[in-house]
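Participant: Got a file for you: protein-v4.cif, mmCIF, C-alpha atoms.
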```
data_upload
loop_
_atom_site.label_atom_id
_atom_site.label_comp_id
_atom_site.auth_asym_id
_atom_site.auth_seq_id
_atom_site.Cartn_x
_atom_site.Cartn_y
_atom_site.Cartn_z
CA MET A 245 7.49 -29.36 9.69
CA GLU A 246 9.87 -27.74 7.25
CA HIS A 247 13.32 -27.12 8.66
CA ILE A 248 14.79 -23.67 8.16
CA ASP A 249 17.91 -25.20 6.57
CA ALA A 250 15.87 -26.15 3.51
CA ARG A 251 15.25 -22.46 2.75
CA ALA A 252 18.46 -21.07 4.30
CA GLU A 253 20.16 -20.46 0.93
CA GLU A 254 17.34 -18.26 -0.34
CA ILE A 255 17.15 -16.35 2.95
CA LYS A 256 20.91 -15.70 3.01
CA LYS A 257 20.92 -14.56 -0.62
CA MET A 258 18.05 -12.18 0.02
CA ILE A 259 19.78 -10.67 3.09
CA LEU A 260 23.00 -10.21 1.08
CA LYS A 261 21.08 -8.47 -1.71
CA MET A 262 19.45 -6.16 0.83
CA GLY A 263 22.81 -5.51 2.49
CA ALA A 264 24.09 -4.31 -0.87
CA GLY A 265 21.17 -1.89 -1.14
CA ASN A 266 19.10 -3.91 -3.59
CA PHE A 267 15.57 -4.35 -2.31
CA SER A 268 14.11 -5.58 -5.60
CA TYR A 269 14.22 -9.29 -4.85
CA ARG A 270 11.64 -11.50 -3.11
CA ILE A 271 11.77 -15.08 -1.86
CA PRO A 272 9.12 -17.33 -3.45
CA ARG A 273 6.20 -17.79 -1.03
CA SER A 274 3.98 -20.73 -0.21
CA ALA A 275 0.82 -21.13 1.87
CA GLU A 276 2.49 -23.34 4.50
CA ASN A 277 1.99 -22.19 8.04
CA THR A 278 5.51 -22.74 9.38
CA GLN A 279 7.97 -20.56 11.26
CA THR A 280 10.25 -20.56 8.21
CA GLU A 281 7.42 -19.34 5.98
CA SER A 282 6.64 -16.59 8.54
CA ILE A 283 10.28 -15.43 8.48
CA ILE A 284 10.24 -15.39 4.68
CA ALA A 285 6.96 -13.43 4.62
CA LEU A 286 8.42 -10.88 7.04
CA LEU A 287 11.65 -10.58 5.06
CA ASN A 288 9.72 -9.94 1.84
CA MET A 289 7.56 -7.33 3.56
CA LEU A 290 10.66 -5.68 5.02
CA ALA A 291 12.27 -5.50 1.55
CA GLN A 292 9.07 -3.90 0.18
CA GLU A 293 9.13 -1.28 2.92
CA PHE A 294 12.84 -0.52 2.44
CA GLU A 295 12.46 -0.32 -1.31
CA VAL A 296 10.11 2.62 -0.91
CA ALA A 297 11.19 4.14 2.37
CA TYR A 298 14.97 3.98 2.28
CA ASN A 299 15.69 7.62 2.05
CA PRO A 300 18.23 9.31 4.30
CA PHE A 301 16.13 12.46 4.54
CA PHE A 302 12.74 11.50 5.83
CA GLY A 303 10.04 13.67 4.38
CA THR A 304 11.96 15.22 1.51
CA SER A 305 9.58 16.38 -1.15
CA PRO A 306 9.11 14.31 -4.29
CA PHE A 307 11.31 16.52 -6.45
CA THR A 308 14.37 15.70 -4.36
CA THR A 309 13.64 11.96 -4.26
CA ILE A 310 15.88 10.20 -6.74
CA THR A 311 14.37 7.27 -8.51
CA ARG A 312 15.80 5.08 -11.19
CA VAL A 313 13.61 3.38 -13.74
CA LYS A 314 15.03 0.40 -15.53
CA HIS A 315 13.22 -1.14 -18.48
CA TYR A 316 13.86 -4.72 -19.51
CA ILE A 317 12.70 -5.42 -23.04
CA PHE A 318 11.83 -8.88 -24.35
CA MET A 319 11.03 -9.56 -28.00
CA LEU A 320 9.03 -12.79 -28.18
CA ASP A 321 7.87 -14.90 -31.10
CA GLN A 322 4.35 -16.34 -31.27
CA GLN A 323 5.33 -19.31 -29.08
CA TYR A 324 6.71 -16.87 -26.46
CA ARG A 325 10.33 -17.82 -27.22
CA ILE A 326 12.73 -14.98 -26.49
CA LEU A 327 14.23 -13.53 -29.66
CA GLN A 328 16.14 -10.74 -27.99
CA THR A 329 16.37 -9.15 -24.56
CA ASN A 330 18.43 -6.68 -22.54
CA PHE A 331 17.61 -8.39 -19.22
CA ASP A 332 20.89 -8.46 -17.30
CA ALA A 333 19.92 -9.05 -13.68
CA ASP A 334 20.96 -12.68 -13.93
CA ASN A 335 24.15 -13.06 -15.94
CA ASP A 336 24.52 -16.82 -15.66
CA ARG A 337 21.89 -17.72 -18.23
CA VAL A 338 21.59 -17.35 -21.96
CA LEU A 339 18.01 -16.23 -22.36
CA GLU A 340 17.68 -16.14 -26.13
CA LYS A 341 15.59 -19.03 -27.51
CA GLN A 342 14.28 -19.89 -24.03
CA ASN A 343 10.56 -19.80 -23.44
CA PHE A 344 9.61 -16.55 -21.67
CA LEU A 345 7.14 -18.45 -19.46
CA ASN A 346 10.05 -20.41 -17.95
CA LEU A 347 11.43 -17.18 -16.53
CA LEU A 348 8.24 -16.52 -14.59
CA SER A 349 7.06 -17.86 -11.25
CA PRO A 350 4.11 -20.30 -11.58
CA ALA A 351 1.63 -17.66 -10.39
CA SER A 352 3.03 -15.14 -12.86
CA GLN A 353 2.76 -17.61 -15.74
CA GLU A 354 -0.99 -17.65 -15.11
CA VAL A 355 -1.11 -13.85 -14.82
CA PHE A 356 0.78 -13.47 -18.12
CA GLN A 357 -1.45 -15.87 -20.02
CA LYS A 358 -4.56 -14.25 -18.56
CA LEU A 359 -3.19 -10.86 -19.60
CA LEU A 360 -2.81 -12.04 -23.18
CA LYS A 361 -6.42 -13.21 -23.24
CA THR A 362 -7.65 -9.77 -22.13
CA PRO A 363 -9.42 -8.13 -25.07
CA LYS A 364 -7.28 -5.24 -26.18
CA LYS A 365 -9.01 -1.90 -26.31
CA LYS A 366 -7.86 0.57 -28.90
CA GLY A 367 -4.96 2.68 -27.69
CA LYS A 368 -4.59 0.73 -24.41
CA THR A 369 -1.59 -1.31 -23.37
CA LEU A 370 -1.90 -4.59 -21.48
CA ASN A 371 -0.43 -3.91 -18.03
CA GLY A 372 0.17 -6.17 -15.06
CA GLN A 373 2.66 -7.28 -12.42
CA LEU A 374 4.98 -10.24 -12.99
CA GLU A 375 7.57 -11.98 -10.85
CA LEU A 376 10.69 -12.93 -12.73
CA LYS A 377 13.01 -15.68 -11.53
CA ALA A 378 16.32 -13.92 -10.93
CA GLY A 379 19.40 -14.14 -8.75
CA LYS A 380 19.08 -17.92 -8.23
CA LYS A 381 15.98 -19.00 -6.30
CA LEU A 382 14.81 -15.42 -5.79
CA LEU A 383 12.04 -13.53 -7.54
CA MET A 384 11.99 -9.97 -8.85
CA PRO A 385 8.55 -8.31 -9.04
CA LEU A 386 8.31 -6.03 -12.09
CA ASN A 387 5.64 -3.93 -13.75
CA CYS A 388 4.79 -5.39 -17.12
CA SER A 389 3.46 -3.91 -20.35
CA VAL A 390 2.72 -6.12 -23.34
CA PHE A 391 2.45 -4.85 -26.90
CA PRO A 392 1.11 -7.40 -29.42
CA LEU A 393 2.94 -6.72 -32.67
CA ARG A 394 0.34 -8.38 -34.87
CA ALA A 395 -0.90 -4.98 -35.97
CA PHE A 396 2.38 -4.50 -37.82
CA HIS A 397 2.83 -8.00 -39.21
CA PRO A 398 0.50 -11.03 -38.93
CA ASP A 399 3.38 -13.40 -38.03
CA SER A 400 4.83 -11.13 -35.35
CA GLY A 401 4.89 -12.02 -31.70
CA LEU A 402 4.98 -9.83 -28.63
CA LEU A 403 7.03 -7.00 -27.23
CA VAL A 404 7.16 -7.28 -23.46
CA VAL A 405 8.52 -4.38 -21.41
CA LEU A 406 9.24 -5.07 -17.76
CA SER A 407 9.98 -2.05 -15.58
CA ARG A 408 11.71 -1.78 -12.26
CA ILE A 409 11.35 1.44 -10.31
CA GLN A 410 13.95 1.92 -7.60
CA THR A 411 14.37 4.70 -5.10
CA LEU A 412 18.07 5.39 -4.85
CA ASN A 413 19.63 5.00 -1.44
CA PRO A 414 23.14 5.36 -0.09
CA LEU A 415 23.68 1.61 0.06
CA LEU A 416 23.60 1.33 -3.72
CA HIS A 417 27.05 1.65 -5.24
CA GLY A 418 28.02 4.30 -7.76
CA LYS A 419 25.52 6.62 -9.40
CA GLN A 420 27.28 9.76 -8.17
CA GLN A 421 26.45 11.50 -11.44
CA GLU A 422 22.74 11.12 -10.85
CA LYS A 423 23.14 12.76 -7.46
CA GLN A 424 24.73 15.75 -9.16
CA GLU A 425 21.90 15.91 -11.65
CA TYR A 426 19.36 16.01 -8.86
CA PRO A 427 21.02 17.89 -5.99
CA VAL A 428 19.66 16.93 -2.59
CA GLN A 429 18.49 19.94 -0.66
CA GLN A 430 20.69 20.98 2.25
CA LEU A 431 18.66 21.29 5.42
CA LYS A 432 19.30 24.56 7.26
CA ILE A 433 16.68 24.65 9.98
CA LEU A 434 16.46 20.94 10.82
CA LYS A 435 19.91 20.01 12.01
CA SER A 436 19.47 16.79 13.95
CA SER A 437 17.59 13.53 13.67
CA GLU A 438 15.61 14.62 16.77
CA ASP A 439 14.38 17.63 14.80
CA ILE A 440 13.29 15.42 11.92
CA HIS A 441 11.63 13.03 14.34
CA LYS A 442 9.72 15.93 15.93
CA PHE A 443 8.49 17.16 12.56
CA ARG A 444 7.44 13.64 11.75
CA GLU A 445 5.33 13.68 14.92
CA ILE A 446 3.82 16.97 13.79
CA ALA A 447 2.90 15.41 10.43
CA VAL A 448 1.29 12.45 12.28
CA TYR A 449 -0.64 14.96 14.42
CA LEU A 450 -1.94 16.64 11.26
CA HIS A 451 -2.98 13.28 9.83
CA LYS A 452 -4.94 12.52 12.99
CA HIS A 453 -6.83 15.83 13.05
CA LEU A 454 -8.47 15.97 9.68
CA ASP A 455 -11.94 16.56 11.07
CA ARG A 456 -11.32 20.05 12.39
CA PRO A 457 -9.41 23.20 11.46
CA LEU A 458 -6.00 23.56 13.09
CA GLY A 459 -5.24 25.93 15.93
CA SER A 460 -2.78 28.77 15.42
CA LEU A 461 0.88 28.12 14.61
CA LYS A 462 1.70 29.34 18.09
CA GLU A 463 -0.55 26.71 19.67
CA ILE A 464 0.88 23.89 17.55
CA ALA A 465 4.44 25.04 18.25
CA SER A 466 3.90 25.12 21.99
CA ALA A 467 2.27 21.65 21.90
CA PHE A 468 5.50 20.29 20.41
CA ASN A 469 7.89 22.42 22.50
CA ILE A 470 9.37 24.37 19.61
CA ASN A 471 9.16 28.00 18.69
CA GLU A 472 6.85 29.36 16.04
CA PHE A 473 9.67 30.38 13.70
CA LYS A 474 11.18 26.89 13.71
CA LEU A 475 7.79 25.29 13.10
CA LYS A 476 7.10 27.56 10.15
CA LYS A 477 10.52 27.36 8.49
CA GLY A 478 11.28 23.75 9.41
CA PHE A 479 7.98 22.47 8.07
CA LYS A 480 8.47 24.35 4.82
CA GLU A 481 11.98 22.94 4.56
CA LEU A 482 10.77 19.36 4.93
CA HIS A 483 7.49 19.45 3.05
CA GLN A 484 7.93 22.43 0.68
CA THR A 485 4.62 23.81 1.85
CA THR A 486 3.08 25.45 4.90
CA VAL A 487 1.50 23.61 7.81
CA PHE A 488 -1.97 24.87 6.84
CA LYS A 489 -1.69 24.06 3.14
CA TYR A 490 -0.38 20.59 3.99
CA HIS A 491 -3.29 20.04 6.38
CA LEU A 492 -5.79 21.34 3.82
CA GLN A 493 -4.44 18.98 1.17
CA LEU A 494 -4.77 16.03 3.55
CA ARG A 495 -8.37 16.97 4.34
CA LEU A 496 -9.21 17.36 0.66
CA SER A 497 -7.61 13.99 -0.17
CA LEU A 498 -9.73 12.37 2.54
CA ALA A 499 -12.79 14.22 1.24
CA MET A 500 -12.11 12.98 -2.29
CA GLN A 501 -11.86 9.41 -0.99
CA LEU A 502 -15.16 9.80 0.87
CA VAL A 503 -16.86 11.35 -2.17
CA LEU A 504 -15.71 8.36 -4.22
CA ASP A 505 -16.10 5.49 -1.79
CA THR A 506 -19.18 6.37 0.25
CA SER A 507 -22.69 7.54 -0.40
CA ASP A 508 -22.46 10.12 2.41
CA GLN A 509 -24.08 13.46 1.73
CA LEU A 510 -21.58 16.04 0.55
CA ALA A 511 -22.49 18.39 3.39
CA SER A 512 -21.71 15.58 5.82
CA ILE A 513 -18.33 14.97 4.13
CA ALA A 514 -17.62 18.72 4.43
CA TRP A 515 -18.34 18.52 8.13
CA LYS A 516 -16.28 15.33 8.61
CA THR A 517 -13.26 16.93 6.96
CA GLY A 518 -13.34 20.04 9.09
CA PHE A 519 -14.98 22.60 6.79
CA LYS A 520 -17.33 25.19 8.25
CA ASN A 521 -19.95 24.67 5.57
CA TYR A 522 -20.55 23.04 2.21
CA ASP A 523 -19.81 26.19 0.15
CA HIS A 524 -16.42 26.59 1.75
CA PHE A 525 -15.69 22.90 1.13
CA ALA A 526 -16.87 22.99 -2.50
CA GLN A 527 -14.70 26.02 -3.25
CA ALA A 528 -11.59 24.42 -1.76
CA PHE A 529 -12.30 21.12 -3.51
CA LYS A 530 -12.70 22.81 -6.89
CA ARG A 531 -9.54 24.86 -6.39
CA GLU A 532 -7.57 21.68 -5.61
CA PHE A 533 -9.04 19.19 -8.10
CA GLY A 534 -10.53 21.49 -10.75
CA VAL A 535 -14.02 20.08 -10.37
CA ALA A 536 -16.83 20.53 -7.84
CA PRO A 537 -17.41 17.56 -5.49
CA SER A 538 -20.94 17.03 -6.82
CA HIS A 539 -19.66 16.80 -10.40
CA TYR A 540 -16.79 14.60 -9.32
CA ARG A 541 -19.19 12.09 -7.74
CA LYS A 542 -21.39 12.08 -10.86
CA GLN A 543 -18.37 11.50 -13.13
CA LYS A 544 -17.29 8.45 -11.16
CA MET B 164 -30.56 -2.90 6.63
CA PRO B 165 -28.63 -5.69 4.88
CA ARG B 166 -27.31 -8.29 7.29
CA TYR B 167 -25.08 -10.16 4.88
CA HIS B 168 -22.94 -9.26 1.90
CA LYS B 169 -20.19 -10.93 -0.04
CA ASN B 170 -17.86 -10.20 -2.92
CA PRO B 171 -15.15 -12.38 -4.54
CA TYR B 172 -12.68 -11.50 -1.79
CA ALA B 173 -14.60 -11.28 1.50
CA GLU B 174 -17.83 -11.96 3.34
CA TYR B 175 -19.53 -9.52 5.69
CA ARG B 176 -22.13 -10.06 8.39
CA ILE B 177 -23.55 -7.85 11.10
CA GLU B 178 -24.67 -9.65 14.21
CA ALA B 179 -25.32 -8.39 17.72
CA GLY B 180 -23.76 -5.01 16.97
CA ILE B 181 -20.53 -6.50 15.64
CA LEU B 182 -19.39 -6.53 12.02
CA PHE B 183 -17.83 -9.86 10.96
CA LEU B 184 -15.43 -9.71 8.01
CA TYR B 185 -14.00 -12.94 6.62
CA TYR B 186 -11.26 -12.75 3.99
CA LYS B 187 -11.66 -15.55 1.44
CA PRO B 188 -8.61 -17.63 0.43
CA GLN B 189 -6.40 -15.63 -1.95
CA SER B 190 -2.75 -15.89 -2.80
CA CYS B 191 -1.97 -12.20 -2.52
CA LEU B 192 -3.93 -9.26 -1.13
CA SER B 193 -3.44 -6.59 -3.80
CA LEU B 194 -4.36 -2.91 -3.73
CA GLN B 195 -7.36 -3.58 -5.94
CA ILE B 196 -8.65 -6.28 -3.55
CA ALA B 197 -7.99 -4.15 -0.46
CA LYS B 198 -9.93 -1.23 -1.97
CA LYS B 199 -12.86 -3.43 -2.89
CA VAL B 200 -12.97 -4.99 0.61
CA VAL B 201 -12.94 -1.59 2.37
CA GLN B 202 -15.35 0.10 -0.04
CA ASP B 203 -17.86 -2.74 0.23
CA ARG B 204 -17.55 -2.68 4.01
CA LEU B 205 -18.27 1.06 4.14
CA ARG B 206 -21.32 0.65 1.87
CA PHE B 207 -22.52 -2.35 3.89
CA GLN B 208 -22.25 -0.41 7.17
CA MET B 209 -24.42 2.45 5.89
CA ASN B 210 -22.91 5.30 7.90
CA THR B 211 -22.76 3.34 11.16
CA SER B 212 -19.51 2.50 12.93
CA TYR B 213 -19.03 -0.99 14.34
CA PRO B 214 -16.48 -3.00 16.27
CA VAL B 215 -15.03 -5.30 13.60
CA TYR B 216 -14.09 -8.96 13.82
CA CYS B 217 -11.65 -9.52 10.96
CA ASP B 218 -10.72 -13.10 10.08
CA VAL B 219 -7.47 -13.00 8.06
CA ARG B 220 -6.45 -16.65 8.49
CA GLU B 221 -6.86 -17.41 4.79
CA LEU B 222 -4.50 -14.66 3.66
CA ILE B 223 -1.10 -15.75 2.36
CA ASP B 224 0.63 -12.62 1.12
CA SER B 225 0.03 -8.91 0.55
CA THR B 226 1.53 -6.12 -1.51
CA LYS B 227 2.97 -2.98 0.03
CA GLU B 228 0.46 -0.85 -1.87
CA ALA B 229 -2.40 -2.82 -0.30
CA ARG B 230 -0.93 -2.46 3.20
CA ASP B 231 -0.35 1.27 2.73
CA TYR B 232 -3.94 1.69 1.60
CA LEU B 233 -5.23 -0.27 4.61
CA ILE B 234 -3.06 1.79 6.96
CA ARG B 235 -4.81 4.92 5.64
CA GLU B 236 -8.34 3.69 5.07
CA GLY B 237 -8.66 0.24 6.65
CA SER B 238 -9.99 1.35 10.03
CA ALA B 239 -12.47 3.97 8.74
CA SER B 240 -15.81 3.75 10.54
CA THR B 241 -14.66 1.12 13.01
CA LEU B 242 -14.89 1.30 16.80
CA ALA B 243 -12.35 -1.48 17.50
CA ILE B 244 -10.77 -4.26 15.50
CA ALA B 245 -10.07 -7.87 16.48
CA PHE B 246 -7.88 -9.74 13.99
CA HIS B 247 -8.40 -13.51 14.07
CA VAL B 248 -5.00 -14.97 13.09
CA ASN B 249 -3.33 -18.36 13.14
CA ARG B 250 -0.16 -18.86 15.13
CA GLY B 251 2.74 -18.32 12.78
CA LEU B 252 2.14 -16.94 9.32
CA THR B 253 -0.85 -14.57 9.53
CA GLU B 254 0.10 -13.55 13.05
CA SER B 255 3.54 -12.43 11.81
CA MET B 256 2.10 -10.62 8.82
CA VAL B 257 -0.52 -8.76 10.86
CA ARG B 258 2.00 -7.82 13.56
CA PHE B 259 4.28 -6.37 10.88
CA TYR B 260 1.37 -4.45 9.38
CA LEU B 261 0.34 -3.04 12.77
CA LYS B 262 3.86 -1.76 13.47
CA ARG B 263 3.39 0.87 10.79
CA ARG B 264 -0.20 1.72 11.55
CA GLU B 265 -0.82 4.70 13.81
CA THR B 266 -4.40 4.85 14.90
CA HIS B 267 -6.49 5.51 17.93
CA ILE B 268 -8.71 2.50 17.07
CA GLU B 269 -8.12 -0.23 19.63
CA THR B 270 -6.76 -3.27 17.79
CA ARG B 271 -5.89 -6.73 19.09
CA LEU B 272 -4.90 -10.13 17.74
CA PHE B 273 -6.65 -13.35 18.74
CA TYR B 274 -6.10 -17.04 18.04
CA GLU B 275 -9.70 -17.91 18.98
CA MET B 276 -13.06 -16.38 18.15
CA GLU B 277 -14.64 -16.26 21.62
CA PRO B 278 -12.11 -13.95 23.32
CA ALA B 279 -12.17 -11.76 20.22
CA LEU B 280 -15.94 -11.32 20.56
CA GLU B 281 -15.64 -10.67 24.29
CA PHE B 282 -13.18 -7.87 23.49
CA LEU B 283 -15.40 -6.39 20.76
CA LYS B 284 -18.59 -6.48 22.85
CA THR B 285 -17.22 -3.74 25.08
CA TYR B 286 -17.03 -1.43 22.05
CA ARG B 287 -20.55 -1.93 20.72
CA ASN B 288 -22.50 1.19 19.98
CA PRO B 289 -25.14 1.44 22.77
CA LYS B 290 -27.60 3.13 20.38
CA HIS B 291 -27.41 0.32 17.88
CA PRO B 292 -30.16 -2.31 18.22
CA ARG B 293 -28.90 -5.79 19.01
CA LYS B 294 -30.17 -9.09 20.23
CA ASN B 295 -27.81 -9.77 23.13
#
```
What does the file become when written as structure tokens?

Facilitator:
Amino acid sequence: MEHIDARAEEIKKMILKMGAGNFSYRIPRSAENTQTESIIALLNMLAQEFEVAYNPFFGTSPFTTITRVKHYIFMLDQQYRILQTNFDADNDRVLEKQNFLNLLSPASQEVFQKLLKTPKKKGKTLNGQLELKAGKKLLMPLNCSVFPLRAFHPDSGLLVVLSRIQTLNPLLHGKQQEKQEYPVQQLKILKSSEDIHKFREIAVYLHKHLDRPLGSLKEIASAFNINEFKLKKGFKELHQTTVFKYHLQLRLSLAMQLVLDTSDQLASIAWKTGFKNYDHFAQAFKREFGVAPSHYRKQK
Amino acid sequence: MPRYHKNPYAEYRIEAGILFLYYKPQSCLSLQIAKKVVQDRLRFQMNTSYPVYCDVRELIDSTKEARDYLIREGSASTLAIAFHVNRGLTESMVRFYLKRRETHIETRLFYEMEPALEFLKTYRNPKHPRKN
């Protein structure tokens, strides 16, 4: 059985990266069923969760969420040798003239070569997910777009754009300017973490009751031991919408999923998502998605 | 009613009022795979809910997008779920996944098949025809 010491370096490096607020790295995985492999799997999953969820204000609406998109560009020749790149996540290596495939994990090498064999449709980019070796022994998963340059010159190679999308969090250093550009909303009604926790419970309650219309605000407020005013204003503050609109959107999202993924009758979907009748459901669906559910199903 | 179905990622079988779902070996459960597995299951079930035996022992890794999708849609039309895991890797991964999943569907982990089926039998739909 593999001893944890054999992988200790990678695990420590990963924890240090996460401690510094960088959740972009992953430890290479294998199929071995050992305790060490379980710890590594859990650590990778934890980093994935943090990468998305690390936000000091739970439930802030998308317009206050600050994300940073970083593009790494690789110009490759026909043999996939790197001609030029702005990749700077690993400063110890000179990347020019190296083979691009050597930067990828074995699984990603296959993905990349498969991607290149995909017949290119007019106007479409080749997109995929690649894991780049970075930060010594660690991997960095990145979204990948490949542009064959042959259209411009027969001897040209490839332009590969790798993108990293990061949600900014207080552990990351610097970037004060970006915070000023996107001011975080000051919460006036929700003053404590208990308040935020309570509103999170309310959101969970809404998620669990998609098959029926909600009771009155007063009833919901009393179920959660808060007053009606706080429920109304606090919910708006967190979600930028009212309790009822939020609930309606959830029901319509579920309905859309059911329209797409099942062969259930539309009237049955209307009933399952808490609408009084099909007409009411169809109207709401069209208002939200711009198309009637019957047309939507036919389109897909 | 079809009794057996398979796609490149999973195999499905309905037997004695229980739906058996076996994940095939794959290096990473992606969102695309998770969607296909759930959508095929829903089609296979044909509007009937079942207790589900879910064998995940061949899974090695998963993406966050796939887990998030399964948290939302994975237990649709199920009456209870028994995950068959191996001690160690898949057990850890499923436990982590379940920490974030809030559902009223009764879910348990098992190392063996027999106790999993004993658990699921108590959730069988009494109206559904079955042999035993």

Participant: Name the closest residue to Asp455 in chain A among the candidates A:Gly263, A:Ser407, A:Glu481, A:Phe519; distances are taken between atoms, counting all atoms listed in the file.

Facilitator: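 When distances to Asp455 in chain A are compared using all atoms listed in the file, the smallest one comes from A:Phe519.
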
Participant: Determine the residue set returned by the PyMOL selection byres ((chain A) within 9 of (chain B)) for the present structure, and present it as a list in words.

Facilitator: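 After applying the PyMOL selection byres ((chain A) within 9 of (chain B)), what remains is Arg273, Ser274, Ala275, Glu276, Asn277, Thr278, Gln279, Thr280, Glu281, Ser282, Ile283, Ala285, Leu286, Met289, Leu290, Gln292, Glu293, Ala351, Val448, Lys452, Asp505, Thr506, Ser507 and Asp508 of chain A.
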
Participant: Translate the PyMOL selection byres ((chain A and resi 325) around 10), as applied to the file shown, into an explicit residue set as a list of chain:residue names.

Facilitator: A:Phe318, A:Met319, A:Leu320, A:Asp321, A:Gln322, A:Gln323, A:Tyr324, A:Ile326, A:Leu327, A:Gln328, A:Leu339, A:Glu340, A:Lys341, A:Gln342, A:Asn343, A:Phe344, A:Leu345, A:Asn346, A:Gly401, A:Leu402

Participant: Quick one: pull the distance between CA of Val200 in chain B and CA of Leu182 in chain B, Å, one decimal.

Facilitator: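 Value for the CA of Val200 in chain B-CA of Leu182 in chain B distance: 13.2 Å.
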
Participant: Please expand the PyMOL selection byres ((chain A and resi 476) around 12) into the concrete residues it hits in this file, giving the result as a list in words.

Facilitator: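 So the PyMOL selection byres ((chain A and resi 476) around 12) ends up selecting Ile433, Leu434, Phe443, Ile446, Ser460, Leu461, Lys462, Ile464, Ala465, Ile470, Asn471, Glu472, Phe473, Lys474, Leu475, Lys477, Gly478, Phe479, Lys480, Glu481, Leu482, His483, Gln484, Thr485, Thr486, Val487, Phe488, Lys489 and Tyr490 of chain A.
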
Participant: So how many Å separate CA of Ala250 in chain A and CA of Leu374 in chain A, to one decimal?

Facilitator: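 Result for CA of Ala250 in chain A versus CA of Leu374 in chain A: 25.4 Å, one decimal.
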
Participant: Do a neighbour search on Leu283 in chain B at 10 Å with all atoms listed in the file, toss out local chain neighbours closer than 3 positions, and write the hits as a VMD selection string.

Facilitator: chain B and resid 180 to 182 213 to 216 242 to 245 269 to 271 277 to 280 286 to 287

Participant: Since we have the selection now, will you write its residues out, keeping C-alpha atoms, as a JSON list (two decimals), in the frame of the given file?

Facilitator:
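Printed below is result_34.json as written:
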```
[["chain", "number", "residue", "atom", "x", "y", "z"],
["B", 180, "GLY", "CA", -23.76, -5.01, 16.97],
["B", 181, "ILE", "CA", -20.53, -6.50, 15.64],
["B", 182, "LEU", "CA", -19.39, -6.53, 12.02],
["B", 213, "TYR", "CA", -19.03, -0.99, 14.34],
["B", 214, "PRO", "CA", -16.48, -3.00, 16.27],
["B", 215, "VAL", "CA", -15.03, -5.30, 13.60],
["B", 216, "TYR", "CA", -14.09, -8.96, 13.82],
["B", 242, "LEU", "CA", -14.89, 1.30, 16.80],
["B", 243, "ALA", "CA", -12.35, -1.48, 17.50],
["B", 244, "ILE", "CA", -10.77, -4.26, 15.50],
["B", 245, "ALA", "CA", -10.07, -7.87, 16.48],
["B", 269, "GLU", "CA", -8.12, -0.23, 19.63],
["B", 270, "THR", "CA", -6.76, -3.27, 17.79],
["B", 271, "ARG", "CA", -5.89, -6.73, 19.09],
["B", 277, "GLU", "CA", -14.64, -16.26, 21.62],
["B", 278, "PRO", "CA", -12.11, -13.95, 23.32],
["B", 279, "ALA", "CA", -12.17, -11.76, 20.22],
["B", 280, "LEU", "CA", -15.94, -11.32, 20.56],
["B", 286, "TYR", "CA", -17.03, -1.43, 22.05],
["B", 287, "ARG", "CA", -20.55, -1.93, 20.72]]
```

Participant: Please indicate the distance in Å from CA of Ser212 in chain B to CA of His524 in chain A, rounded to one decimal place.

Facilitator: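 CA of His524 in chain A lies at a distance of 26.7 Å from CA of Ser212 in chain B.
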
Participant: Tell me which of A:Arg541, A:Lys377, A:His247, A:Lys257 sits closest to Gln509 in chain A, counting all atoms listed in the file.

Facilitator: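 Of the candidates, the smallest distance to Gln509 in chain A is held by A:Arg541.
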
Participant: Which residue out of B:Ala179, B:Phe207, B:Ile196, B:Glu281 has the minimum interatomic distance to Leu233 in chain B when all atoms listed in the file are used?

Facilitator: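 Using all atoms listed in the file, Leu233 in chain B sits closest to B:Ile196.
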
Participant: Using all atoms listed in the file, find the one residue out of A:Pro457, A:Pro272, A:Pro385, A:Pro392 that sits nearest to Ile255 in chain A.

Facilitator: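 Among A:Pro457, A:Pro272, A:Pro385, A:Pro392, it is A:Pro272 that comes nearest to Ile255 in chain A.
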
Participant: Pick the closest to Val503 in chain A from A:Thr329, A:Gln527, A:Thr517, A:Ser349: which is it, counting only C-alpha atoms?

Facilitator: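 Closest candidate: A:Thr517.
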